[in-house]
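Contents: one structure, followed by commentary.
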Number of protein chains: 2
Amino acid sequence: MADIQVNKTAHPFDKSRFEALLNRRFFYAPAFEIYGGVAGLYDYGPPGSSLQSNIIAEWRKHFIVEEHMLEVDTTIMTPAPVFETSGHVARFADWMVKDLKTGEVIRADHLVKNVLEARLAGDKEARGLAAAPPKEDDKKKKKKDKAKPTAVKLPDELVVEYETILAQLDNYSGPELGELCRKYDIRNPDTDNEVSEPQQFNLMFASSIGPTGQHPGFLRPETAQGHFLNFSRLLEFNNGRIPFASAQIGRSFRNEISPRAGLLRVREFTMAEIEHYVDPEDKRHERFSEVRDVELDLLDRHTQSAGSTKVTRMKIGDAVDKGVVANETLGYFLARIHQFLIKIGIDPTRLRFRQHMANEMAHYATDCWDAEIQNSYGWTECVGCADRAAYDLSVHSAKTGHPLVVRQALKEPIITEKLVAEFNKKTFGKTFGKDSAVIQNIVGGMDEALLAKLQGELAQGSTSITSSDGREFKLTPDLLTIEKKTFKQSIREFTPNVIEPSFGLGRILYALLEHSFWSREQDVERGVLSLPAVVAPTKVLIVPLSAKPEFDPLVKEVSAKLRKAGIFSRVDDSNTSIGKRYARNDELGTPYGLTLDFASVAKRTMTLRERDTTGQLIGDIDEVIGVVTELVNGTTDWAEACRRLPSYDGVQAVE
Amino acid sequence: MADIQVNKTAHPFDKSRFEALLNRRFFYAPAFEIYGGVAGLYDYGPPGSSLQSNIIAEWRKHFIVEEHMLEVDTTIMTPAPVFETSGHVARFADWMVKDLKTGEVIRADHLVKNVLEARLAGDKEARGLAAAPPKEDDKKKKKKDKAKPTAVKLPDELVVEYETILAQLDNYSGPELGELCRKYDIRNPDTDNEVSEPQQFNLMFASSIGPTGQHPGFLRPETAQGHFLNFSRLLEFNNGRIPFASAQIGRSFRNEISPRAGLLRVREFTMAEIEHYVDPEDKRHERFSEVRDVELDLLDRHTQSAGSTKVTRMKIGDAVDKGVVANETLGYFLARIHQFLIKIGIDPTRLRFRQHMANEMAHYATDCWDAEIQNSYGWTECVGCADRAAYDLSVHSAKTGHPLVVRQALKEPIITEKLVAEFNKKTFGKTFGKDSAVIQNIVGGMDEALLAKLQGELAQGSTSITSSDGREFKLTPDLLTIEKKTFKQSIREFTPNVIEPSFGLGRILYALLEHSFWSREQDVERGVLSLPAVVAPTKVLIVPLSAKPEFDPLVKEVSAKLRKAGIFSRVDDSNTSIGKRYARNDELGTPYGLTLDFASVAKRTMTLRERDTTGQLIGDIDEVIGVVTELVNGTTDWAEACRRLPSYDGVQAVE
C-alpha cells in the first residue's frame with residue numbers, strides 16, 4: 001500500500017547521526033574548515049543554501065507581500081555615531097568572566113547555566129530519577145568535560161534555589177552573575193579554576209571607513225537602524241500614511257564571546273526584520289480579527305518570576321483582552337509568526353512564546369516576546385517580537401535634528417485661546433530705544449497668569465516691570481495691549497511607536513532540520529529529513545533507470561514540463577541503484593521522486609514516490625506530472641494522490 | 001490608437017532629472033543621510049530593493065537553475081590567513097596620492113584620467129569641435145572644479161599622447177602613474193596643488209574576531225574564496241565529477257579611497273559570482289554550440305595597446321576559433337553574460353567586452369574580459385570574466401596541506417615500464433652495515449640511463465660506486481638486481497582550472513536605470529523608466545477610480561486572480577487623479593495598469609494601460625487578466641494585445 005502510516009518516532013533523536021547527515025550532505029559546514037575553522041562562522045552548502053532561500057521566499061510571501069510591507073536593503077557597515085545614538089556602543093554587550101589561571105574567556109550567564117544544570121542532572125541521577133549519562137568513548141573522555149553531570153545528591157532547598165535561578169537567568173545583571181558564581185562556587189568546568197568578576201564585552205565588530213582611518217565604523221548587529229534612519233523617506237513613499245511596515249532581509253554580525261552550539265550561536269547570520277510603525281495612541285490592528293482564535297503556548301513574565309516555566313495555552317484574542325500581551329498589533333504579529341513557523345515545518349508542540357522579564361527587556365521597550373523553539377540545545381529564541389515604543393526614532397531625531405515624525409491632518413481642529421501681548425510699533429521703540437528688546441523679552445517670557453495680571457494693571461492705567469539688572473520701566477496701554485487670541489491646530493505631529501518582529505533565520509533553519517529528522521523504523525541508519533515541499537531544497541527528483549541515452553528524451557520532457565509548472569526538479573542519473581539514489585534524496589529532504597524506466601519508454605508510464613512513506617504510485621507521464629504539481633503546490637495531499645493513481649509495487653519498490 | 005510608436009529620444013539624457021527621479025521615488029539614497037552620509041554607502045528603498053531582488057531572481061534562473069550550478073552561502077568575515085594565501089593582503093590595493101598641502105587623498109589613476117580628459121575636452125572646445133560646457137548656476141560655481149574643461153588648444157602630438165595614455169590607463173603601475181603626474185604636471189584639480197608619489201592602500205576592511213582581539217580578520221572583497229575553500233565538499237556533492245560550477249550571491253566590501261560616481265563605486269555591494277571548474281587540458285564547453293552565433297562587441301588587448309578603443313563585432317564562435325578569446329568555456333560565459341544583460345534591459349548598443357591588458361590582468365590569469373556598460377560616467381566594468389587557471393586552488397592547497405584536486409578514473413590505464421633496483425635483504429645489510437642507506441640513496445637517485453648502465457655492469461659480474469665523501473663500494477649481482485617493472489596508473493589527479501564570471505549587481509542596476517530612463521516627447525518633466533516586466537519592481541498597478549468601498553470587491557478579486565497567476569500587483573487608491581497615479585508609476589517603471597471604474601462595477605469591464613505608449617485597451621475583467629498575465633510572462637507582446645482587445649480612448653486616457 002502506498003499510503004501506509006509512518007512511524008517517525010521509532011528511534012529516539014540521535015544527534016550524532018543527525019549531525020553526520022548534515023555534514024555528509026553539506027547542508028552547512030564550519031567556514032574556513034581547511035584552515036582549521038573559526039568558531040561561530042559557518043558556510044551553507046547547496047542544500048543549506050536552497051533551504052535558506054526557500055525559507056526567505058516564503059517569509060517574503062507571508063509577510064512582505066501579504067501585508068504590503070516596504071522592503072529596504074541598507075548597508076552593514078555603519079559609522080560609529082549611529083550606534084552611539086542607538087545605545088549599542090554603551091550597552092550592546094555581554095558579561096564575560098575569565099578563568100583566573102588560563103585566561104580562557106567564558107560568557108557569564110552560560111557558565112552559570114551549564115554548571116547549575118549539570119548539578120541538577122547529577123542530583124536527579126543520584127536520586128535515581130534519571131539514567132546515568134551514556135558512556136563516552138575513550139577519545140572523548142580524554143578531554144574531560146567537568147560540566148557533565150556527576151551523581152551527587154543536593155539538599156532539597158538547593159534544588160529549588162537552582163531551579164529558580166535558571167528560570168530567571170536572563171534577568172540577572174553582570175554583578176549579580178558574579179555574586180552567583182561566588183555564592184555557589186561556580187568555576188570553569190574545563191579546569192576547575194575560579195573565574196574573575198564579570199566584565200562587559202561589546203559584541204559589535206569594529207572597523208574603520210576610508211583611507212585615513214579617522215571614521216570608526218561597526219558592522220551592524222541588527223538591521224533595524226537602517227530602517228529607522230530612512231523613516232522619513234519610507235513614510236513619504238507610503239503617501240504619509242501610517243500604520244505601515246518596512247522589512248529587510250540581510251546579514252548581521254555579533255562578535256560572540258565563545259560561540260558553541262553550532263548554528264544557534266554564530267558571529268555572522270542572516271536576519272529578517274520588520275519595523276511596523278503605529279500611532280502610539282492606537283495600537284489596534286486592522287486584521288486582528290483574522291487571527292483572534294489562533295492558540296499559542298504563552299510563558300508570561302509573572303510565571304517566570306515565580307520560578308516556573310509552565311506555558312499556558314491561550315487564544316491570542318484572549319491574551320490581548322486580558323492584558324497578557326500588551327496590544328493588538330503585538331498580538332497580531334505573534335500569531336502571524338506562529339503561522340509562519342508552522343507553515344515551514346516547525347513542530348507546534350515544540351514552540352512557545354516567552355515574555356521578557358523586567359530586567360531582561362530593553363529599558364525603552366513596553367513589551368517583548370520571544371518565539372522559542374525547543375531543540376537538543378534546549379529552548380532557543382528564534383524570533384523576537386518587541387514593542388520598542390518611540391525610542392529609536394526619538395533618539396535619532398534628537399541627535400540629528402531631522403524630524404522623524406508623522407504629521408496628520410486632524411479631523412476636528414483643536415481650538416485653544418491664549419493671552420498674547422502686542423507692542424505698538426510706533427510708540428514702543430520711540431519710548432524705550434535700545435531697551436525695547438529687554439522689555440519684550442520679559443513680557444514674552446510671562447506665563448498666562450502673569451500676562452493676566454499685567455493685563456489687569458494696564459486696564460487700571462499703568463504699571464511697571466523691573467529688568468534683571470534692577471531698572472524699572474513704566475508701561476501704559478498706548479505702548480502695548482494684552483488680548484485673548486484664538487489658535488487653531490489642524491495638524492497633529494507625533495513620533496510613531498515601533499513593533500519589531502525580528503527573525504534569526506539560521507536558528508529557525510537549524511531547529512527545522514532537527515524537527516524534520518528521523519530514522520526509518522526498519523533501519524536506524526536510514527535518516528530522513530521530512531522537510532515540507534514549500535521549503536525542501538529540491539521538490540522533485542527525476543530518476544532514470546540509468547544514464548543511458550534512451551532515457552534522455554523523457555528526462556528532458558519531464559524536466560521541461562515541471563519547469564513550465566513552476567517546479568524546480570533535479571535529475572539524478574548517477575551510476576548507482578535507484579534505491580541508493582532515493583536514500584540520498586531522503587537525506588536531502590526531497591519530497592517526491594519520479595522514476596523513468598523501460599516501461600516509461602514503451603508505455604509512457606512513470607512512477608511517483610513519496611519520501612516519508614516510500615509509497616509508490618504509477619500512471620501516465622502527464623497524469624503523474626499533474627498530480628506531483630498539485631502535491632508540491634499543496635493543493636492536494638498524498639492520501640488524495642493515492643486515490644487518484646494506482647499504487648505500484650514493482651521491482652523499484654524494493655529499495 | 002493603443003499601439004502608437006513611442007519616441008524615447010525626443011529629449012537628450014538629463015542626468016539631474018534622472019537623479020531627481022531616483023531620489024524622489026526612493027530607488028536608493030545615501031546611507032546615514034540624516035547623519036550627513038558616508039561616501040560610498042547607499043541604501044536601497046522599496047523600488048530599488050525590488051528591482052535588485054528581481055535581477056537576482058532572473059540571475060538565479062539564467063545561471064544557477066539553467067546550468068545546475070551548486071549554490072553556496074559563505075561568510076563575509078574572513079580570518080587573515082585566507083587572504084594572506086590568496087594574495088589579497090599583499091596585492092589587493094589601489095595607488096593613492098596625497099595633495100601635498102591639504103592632505104586630501106585621491107586615487108592616482110582617477111586623477112590622471114580626470115585631468116587628461118578635462119584637458120582634451122578643453123582642446124576640443126578651443127578647436128571649435130565641441131560646445132562650451134553648460135553654464136553652471138552660482139551655487140555650484142562656488143566650489144570650482146578645476147577638472148572642468150577650460151578651452152586651451154593643445155599641440156597635436158600631445159593630444160595623441162593623452163589619448164594613448166587614456167586608452168591603456170589600466171595598464172600602468174603606481175610608479176608609472178607617479179611619472180605621468182610629474183611629466184604632465186598633473187595636480188589636484190580642486191586645489192591646483194602638487195601631489196605626492198603614489199602609495200599603495202589596501203582596500204580590505206579590517207576587523208578582529210573574538211573577545212581577545214588576537215584573530216585579525218577582513219571583510220571579503222569578493223565572494224570567490226568562500227567557493228574555493230569548499231571545493232572538496234562541492235566536488236563530493238557533485239559525485240566527484242567535473243566540470244561543474246558553484247555560485248554565490250552576497251555582500252562584499254572594498255574600502256575605496258575616495259568613492260564618487262554614485263552606485264558605480266561603493267564600499268559595500270552585492271555581487272553574484274560563479275566559479276566554474278574545468279579540466280585544464282579540456283576547456284571545451286558542452287553547450288558552446290548553443291551560443292556560437294551570439295555576436296559581441298569585442299575590444300581586445302592588442303587594439304588597446306595600440307591606443308585605440310574601437311570594438312570589433314564578432315560571433316563568439318569565431319572569436320574562440322581565432323584565439324581572440326582563450327577557450328570555449330570562457331567564450332560560453334561571455335555569450336551567456338551578454339544574453340543575461342540584454343534580457344534584463346541593458347541596451348545592447350552600449351555594451352562591450354573589453355579584454356584585460358597584460359599588466360592589468362592578475363599575474364595568474366590566462367585571459368580576462370570585462371563586460372563594460374556605457375553610461376553617463378563612461379564605460380564601466382559591470383561583469384568580469386576571468387580564466388583564473390589553477391591559482392586559487394593551488395595556493396590554498398599548498399598552504400593548508402588539504403588536497404584540492406580532482407581524481408578521475410582513467411578510461412585506459414597508463415602503462416609505463418621502468419628500471420627498478422631491488423636489494424637483497426639478506427646479503428646487502430650484512431655486507432655494508434650502516435653504509436647500506438648511503439648506497440641505497442645513491443642508487444635510488446639514479447635516472448633511467450644510469451640504472452641501465454649499472455644493470456649492464458652488474459651483468460658483467462661486478463661494478464663499484466663512489467659516495468660523496470669519496471669512498472668506493474663494490475657491487476655484485478648477489479647484492480642487488482636491476483629489472484624492468486611495469487607500472488599501471490588508473491587514476492589521474494589534477495587541480496582544476498577556474499573560469500570566473502563575477503557580477504557587480506549594483507553597477508548593473510544603475511546602468512539599467514540609466515538605459516531605461518527617458519522623458520515624454522510632449523512633456524520633458526514626465527520621466528519614464530522603461531524597465532522590462534521581468535525586473536520591474538511592480539508588474540501591474542491596480543487603480544480604482546477612488547478609494548470608495550464600492551470598488552473594494554473588484555480590487556480584491558483582481559488582486560487575488562493576479563496573485564493566483566503568480567503576478568505581483570499593487571493597488572494605488574491614493575486620493576489623487578488617475579493620471580497622476582499613472583505618472584507616478586511611470587517613474588517607478590510599472591509596465592501595466594488596470595483601471596477599475598463605474599463601468600467595471602456595472603459591466604465587469606476593465607481597462608489595461610501600457611506604460612511606454614500610454615495606450616489603453618478595454619475588455620472583460622477575466623479576459624484582461626489573461627492578456628496582462630501573458631504580457632508579464634512574456635508570452636505575448638503589446639502589439640498582439642492590441643489585436644486581441646479593443647482600444648480604449650475614454651476619459652481615463654486623458655492624463
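By order of appearance in the C-alpha cells: chains A, B, ..., then residues from 1 within every chain, and ligands from 1 in the order shown.
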Could I get the residues of chain B with an atom no further than 6 Å from an atom of chain A, each paired with its nearest atom pair and that distance in Å to one decimal, using only C-alpha atoms, sorted by chain and residue number, as a tab-separated table?
residue	atom	partner	partner_atom	distance
B:Asp43	CA	A:Thr74	CA	4.3
B:Tyr44	CA	A:Asp73	CA	5.0
B:Gly45	CA	A:Val72	CA	4.9
B:Pro46	CA	A:Glu71	CA	4.9
B:Ser49	CA	A:Val72	CA	5.7
B:Leu70	CA	A:Pro46	CA	5.4
B:Glu71	CA	A:Pro46	CA	4.9
B:Val72	CA	A:Gly45	CA	4.9
B:Asp73	CA	A:Tyr44	CA	5.0
B:Thr74	CA	A:Asp43	CA	4.3
B:Ala206	CA	A:Ser207	CA	5.8
B:Ser207	CA	A:Ser207	CA	5.2
B:Gly210	CA	A:Asn255	CA	5.9
B:Pro211	CA	A:Ile257	CA	5.5
B:Asn255	CA	A:Gly210	CA	5.9
B:Ile257	CA	A:Pro211	CA	5.5
Based on the selection just made, write all heavy atoms of those residues as a CSV table (one decimal), in the first residue's frame.
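Saved file again_21.csv follows:
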chain,number,residue,atom,x,y,z
B,43,ASP,N,21.7,53.1,0.6
B,43,ASP,CA,20.6,52.2,1.0
B,43,ASP,C,19.6,52.1,-0.2
B,43,ASP,O,19.4,53.1,-0.8
B,43,ASP,CB,19.8,52.8,2.2
B,43,ASP,CG,20.6,52.7,3.5
B,43,ASP,OD1,21.6,51.9,3.5
B,43,ASP,OD2,20.3,53.4,4.4
B,44,TYR,N,19.0,51.0,-0.4
B,44,TYR,CA,18.0,50.8,-1.4
B,44,TYR,C,16.6,50.9,-0.7
B,44,TYR,O,16.4,50.3,0.2
B,44,TYR,CB,18.1,49.4,-2.1
B,44,TYR,CG,19.3,49.3,-3.0
B,44,TYR,CD1,20.2,50.3,-3.2
B,44,TYR,CD2,19.4,48.1,-3.7
B,44,TYR,CE1,21.3,50.1,-4.1
B,44,TYR,CE2,20.5,47.9,-4.6
B,44,TYR,CZ,21.4,48.9,-4.8
B,44,TYR,OH,22.5,48.7,-5.6
B,45,GLY,N,15.8,51.8,-1.3
B,45,GLY,CA,14.4,51.9,-0.9
B,45,GLY,C,13.6,50.8,-1.5
B,45,GLY,O,14.1,49.9,-2.2
B,46,PRO,N,12.2,50.9,-1.3
B,46,PRO,CA,11.4,49.8,-1.8
B,46,PRO,C,11.5,49.5,-3.3
B,46,PRO,O,11.7,48.3,-3.7
B,46,PRO,CB,10.0,50.3,-1.5
B,46,PRO,CG,10.2,51.1,-0.3
B,46,PRO,CD,11.5,51.8,-0.5
B,49,SER,N,15.0,48.0,-3.9
B,49,SER,CA,15.1,46.6,-3.4
B,49,SER,C,14.4,45.6,-4.3
B,49,SER,O,15.0,44.5,-4.5
B,49,SER,CB,14.5,46.5,-2.0
B,49,SER,OG,15.2,47.3,-1.1
B,70,LEU,N,25.8,24.8,-8.3
B,70,LEU,CA,25.7,24.5,-6.9
B,70,LEU,C,25.8,25.8,-6.1
B,70,LEU,O,26.9,26.4,-6.0
B,70,LEU,CB,26.8,23.5,-6.4
B,70,LEU,CG,26.8,22.2,-7.2
B,70,LEU,CD1,27.9,21.3,-6.6
B,70,LEU,CD2,25.5,21.5,-7.1
B,71,GLU,N,24.7,26.2,-5.5
B,71,GLU,CA,24.7,27.5,-4.8
B,71,GLU,C,25.3,27.3,-3.4
B,71,GLU,O,25.1,26.3,-2.7
B,71,GLU,CB,23.3,28.1,-4.7
B,71,GLU,CG,23.3,29.5,-4.2
B,71,GLU,CD,22.0,30.2,-4.3
B,71,GLU,OE1,21.1,29.6,-4.9
B,71,GLU,OE2,21.9,31.4,-3.9
B,72,VAL,N,26.1,28.3,-3.0
B,72,VAL,CA,26.7,28.3,-1.6
B,72,VAL,C,26.4,29.7,-1.0
B,72,VAL,O,26.1,30.6,-1.7
B,72,VAL,CB,28.2,28.0,-1.6
B,72,VAL,CG1,28.5,26.6,-2.1
B,72,VAL,CG2,29.0,29.0,-2.5
B,73,ASP,N,26.5,29.7,0.3
B,73,ASP,CA,26.4,31.0,1.0
B,73,ASP,C,27.4,31.0,2.1
B,73,ASP,O,27.3,30.3,3.1
B,73,ASP,CB,24.9,31.1,1.6
B,73,ASP,CG,24.7,32.4,2.2
B,73,ASP,OD1,25.5,33.4,1.9
B,73,ASP,OD2,23.6,32.6,2.9
B,74,THR,N,28.5,31.7,1.9
B,74,THR,CA,29.7,31.6,2.8
B,74,THR,C,29.8,32.9,3.5
B,74,THR,O,29.2,33.9,3.2
B,74,THR,CB,30.9,31.3,2.0
B,74,THR,OG1,31.3,32.4,1.2
B,74,THR,CG2,30.7,30.1,1.1
B,206,ALA,N,39.4,46.0,7.7
B,206,ALA,CA,40.0,45.1,8.7
B,206,ALA,C,39.1,45.1,10.0
B,206,ALA,O,38.5,46.1,10.3
B,206,ALA,CB,41.4,45.5,9.0
B,207,SER,N,39.1,44.0,10.7
B,207,SER,CA,38.5,43.9,12.0
B,207,SER,C,39.2,42.8,12.8
B,207,SER,O,40.3,42.3,12.3
B,207,SER,CB,37.0,43.5,11.8
B,207,SER,OG,36.3,43.7,13.0
B,210,GLY,N,36.6,37.6,17.9
B,210,GLY,CA,36.8,37.1,19.2
B,210,GLY,C,37.1,38.2,20.3
B,210,GLY,O,37.4,39.3,19.9
B,211,PRO,N,36.9,37.8,21.5
B,211,PRO,CA,36.9,38.8,22.6
B,211,PRO,C,38.3,39.3,22.9
B,211,PRO,O,38.5,40.4,23.5
B,211,PRO,CB,36.3,38.1,23.8
B,211,PRO,CG,36.5,36.7,23.5
B,211,PRO,CD,36.5,36.5,22.1
B,255,ASN,N,37.2,49.1,0.8
B,255,ASN,CA,37.3,50.4,1.4
B,255,ASN,C,37.9,51.3,0.4
B,255,ASN,O,39.1,51.7,0.5
B,255,ASN,CB,38.3,50.2,2.6
B,255,ASN,CG,38.2,51.4,3.6
B,255,ASN,OD1,37.4,52.3,3.4
B,255,ASN,ND2,39.0,51.4,4.6
B,257,ILE,N,39.1,54.4,-1.8
B,257,ILE,CA,39.9,55.6,-1.4
B,257,ILE,C,39.0,56.8,-1.3
B,257,ILE,O,38.9,57.5,-0.3
B,257,ILE,CB,41.1,55.8,-2.3
B,257,ILE,CG1,42.1,54.6,-2.0
B,257,ILE,CG2,41.8,57.1,-2.0
B,257,ILE,CD1,43.2,54.6,-3.0
> range 324-550 of chain A: which residues are alpha helix (DSSP H) by DSSP, as number ranges by chain?
Replying inline: A: 328-344, 391-400, 425-432, 436-444, 448-459, 505-516
>> Residues within 12 Å of range 193-200 of chain B, please, as an NGL selection string. Count only C-alpha atoms; anything in the same chain fewer than 6 positions from it doesn't count.
In response: (:A and (211)) or (:B and (89-112 or 146 or 172-182 or 184-187 or 257))
> Mind checking DSSP for range 143-323 of chain A and telling me the strand (DSSP E or B) residues as a PyMOL selection string?
Replying inline: chain A and resi 195+199-202+206-209+215-219+244-253+268-279+282+295-299+312-315
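The shortest atom-to-atom distance to Pro549 in chain B, with only C-alpha atoms taken into account, belongs to B:Val601 out of B:Glu66, B:Gly626, B:Glu275, B:Val601.
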> What's the 9 Å shell around Asn424 in chain A, counting only C-alpha atoms, without same-chain residues fewer than 4 positions away, as a list in words?
Replying inline: Phe428, Gly429, Asp478, Leu479, Leu480 and Thr481 of chain A
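Across the model, the gap from CA of Gln304 in chain A to CA of Val320 in chain A is 19.0 Å.
Using only C-alpha atoms, the shortest contact distance between Lys61 in chain A and any of A:Phe340, A:Glu163, A:Leu154, A:Thr476 is found at A:Phe340.
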>> Just checking: using only C-alpha atoms, which residue out of B:Met204, B:Ala306, B:Val406, B:Met361 ends up closest to Asp279 in chain B?
In response: B:Val406
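CA of Ile342 in chain A lies 23.5 Å from CA of Ala326 in chain A.
When the distance limit is 10 Å and only C-alpha atoms are what count, the residues near Asp370 in chain A, minus those fewer than 5 positions from it on the same chain, are Leu298, Leu299, Leu334, Arg352, Phe353, Arg354, Gln355, His356, Thr380, Glu381, Cys382, Val383, Gly384, Cys385, Ala386, Pro501, Ser502 and Phe503 of chain A.
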Filtering to N, CA and C atoms, could you give me those residues as a PDB file, in the first residue's frame?
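What follows is the written file again_12.pdb:
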ATOM      1  N   LEU A 298       1.888  30.309  25.787  1.00  0.00           N
ATOM      2  CA  LEU A 298       2.489  31.534  26.324  1.00  0.00           C
ATOM      3  C   LEU A 298       3.156  31.264  27.664  1.00  0.00           C
ATOM      4  N   LEU A 299       4.336  31.857  27.839  1.00  0.00           N
ATOM      5  CA  LEU A 299       5.042  31.790  29.123  1.00  0.00           C
ATOM      6  C   LEU A 299       5.274  33.239  29.547  1.00  0.00           C
ATOM      7  N   LEU A 334       2.517  38.118  16.851  1.00  0.00           N
ATOM      8  CA  LEU A 334       2.801  36.832  17.496  1.00  0.00           C
ATOM      9  C   LEU A 334       2.064  35.710  16.764  1.00  0.00           C
ATOM     10  N   ARG A 352       7.056  27.848  21.758  1.00  0.00           N
ATOM     11  CA  ARG A 352       6.381  28.618  22.795  1.00  0.00           C
ATOM     12  C   ARG A 352       6.752  30.085  22.650  1.00  0.00           C
ATOM     13  N   PHE A 353       5.942  30.941  23.247  1.00  0.00           N
ATOM     14  CA  PHE A 353       6.228  32.376  23.241  1.00  0.00           C
ATOM     15  C   PHE A 353       6.520  32.797  24.672  1.00  0.00           C
ATOM     16  N   ARG A 354       7.743  33.270  24.889  1.00  0.00           N
ATOM     17  CA  ARG A 354       8.174  33.629  26.241  1.00  0.00           C
ATOM     18  C   ARG A 354       8.298  35.148  26.344  1.00  0.00           C
ATOM     19  N   GLN A 355       7.679  35.687  27.363  1.00  0.00           N
ATOM     20  CA  GLN A 355       7.727  37.142  27.566  1.00  0.00           C
ATOM     21  C   GLN A 355       9.022  37.525  28.284  1.00  0.00           C
ATOM     22  N   HIS A 356       9.594  38.649  27.904  1.00  0.00           N
ATOM     23  CA  HIS A 356      10.786  39.131  28.607  1.00  0.00           C
ATOM     24  C   HIS A 356      10.410  39.588  30.010  1.00  0.00           C
ATOM     25  N   THR A 380      15.286  27.704  22.449  1.00  0.00           N
ATOM     26  CA  THR A 380      16.131  28.716  21.827  1.00  0.00           C
ATOM     27  C   THR A 380      15.289  29.840  21.240  1.00  0.00           C
ATOM     28  N   GLU A 381      15.665  31.073  21.561  1.00  0.00           N
ATOM     29  CA  GLU A 381      14.997  32.225  20.961  1.00  0.00           C
ATOM     30  C   GLU A 381      15.278  32.239  19.467  1.00  0.00           C
ATOM     31  N   CYS A 382      14.238  32.197  18.656  1.00  0.00           N
ATOM     32  CA  CYS A 382      14.411  32.224  17.205  1.00  0.00           C
ATOM     33  C   CYS A 382      13.789  33.467  16.580  1.00  0.00           C
ATOM     34  N   VAL A 383      12.774  34.026  17.225  1.00  0.00           N
ATOM     35  CA  VAL A 383      12.157  35.264  16.757  1.00  0.00           C
ATOM     36  C   VAL A 383      11.906  36.129  17.986  1.00  0.00           C
ATOM     37  N   GLY A 384      12.273  37.387  17.899  1.00  0.00           N
ATOM     38  CA  GLY A 384      11.915  38.321  18.963  1.00  0.00           C
ATOM     39  C   GLY A 384      10.796  39.214  18.448  1.00  0.00           C
ATOM     40  N   CYS A 385       9.887  39.600  19.325  1.00  0.00           N
ATOM     41  CA  CYS A 385       8.812  40.491  18.881  1.00  0.00           C
ATOM     42  C   CYS A 385       8.596  41.536  19.972  1.00  0.00           C
ATOM     43  N   ALA A 386       9.106  42.740  19.731  1.00  0.00           N
ATOM     44  CA  ALA A 386       9.128  43.758  20.779  1.00  0.00           C
ATOM     45  C   ALA A 386       8.341  44.995  20.378  1.00  0.00           C
ATOM     46  N   PRO A 501       9.054  42.604  14.874  1.00  0.00           N
ATOM     47  CA  PRO A 501       9.331  41.171  14.795  1.00  0.00           C
ATOM     48  C   PRO A 501      10.691  40.976  14.108  1.00  0.00           C
ATOM     49  N   SER A 502      11.577  40.231  14.753  1.00  0.00           N
ATOM     50  CA  SER A 502      12.951  40.079  14.269  1.00  0.00           C
ATOM     51  C   SER A 502      13.319  38.598  14.244  1.00  0.00           C
ATOM     52  N   PHE A 503      13.617  38.076  13.060  1.00  0.00           N
ATOM     53  CA  PHE A 503      13.809  36.632  12.856  1.00  0.00           C
ATOM     54  C   PHE A 503      15.283  36.280  12.670  1.00  0.00           C
TER      55      PHE A 503
END
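Residues with any atom within 8 Å of Glu493 in chain A, counting only C-alpha atoms and excluding same-chain neighbours fewer than 4 positions away, are Val405, Val406, Arg407 and Gln408 of chain A.
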>> Give me the residues near Ile442 in chain A as a ChimeraX atom specification, where near means some atom within 8 Å (using only C-alpha atoms) and where sequence neighbours in that chain fewer than 4 positions away do not count.
In response: /A:438,446,467
>> Using Å and a single decimal, report how far CA of Thr349 in chain B sits from CA of Arg301 in chain B.
In response: 20.5 Å
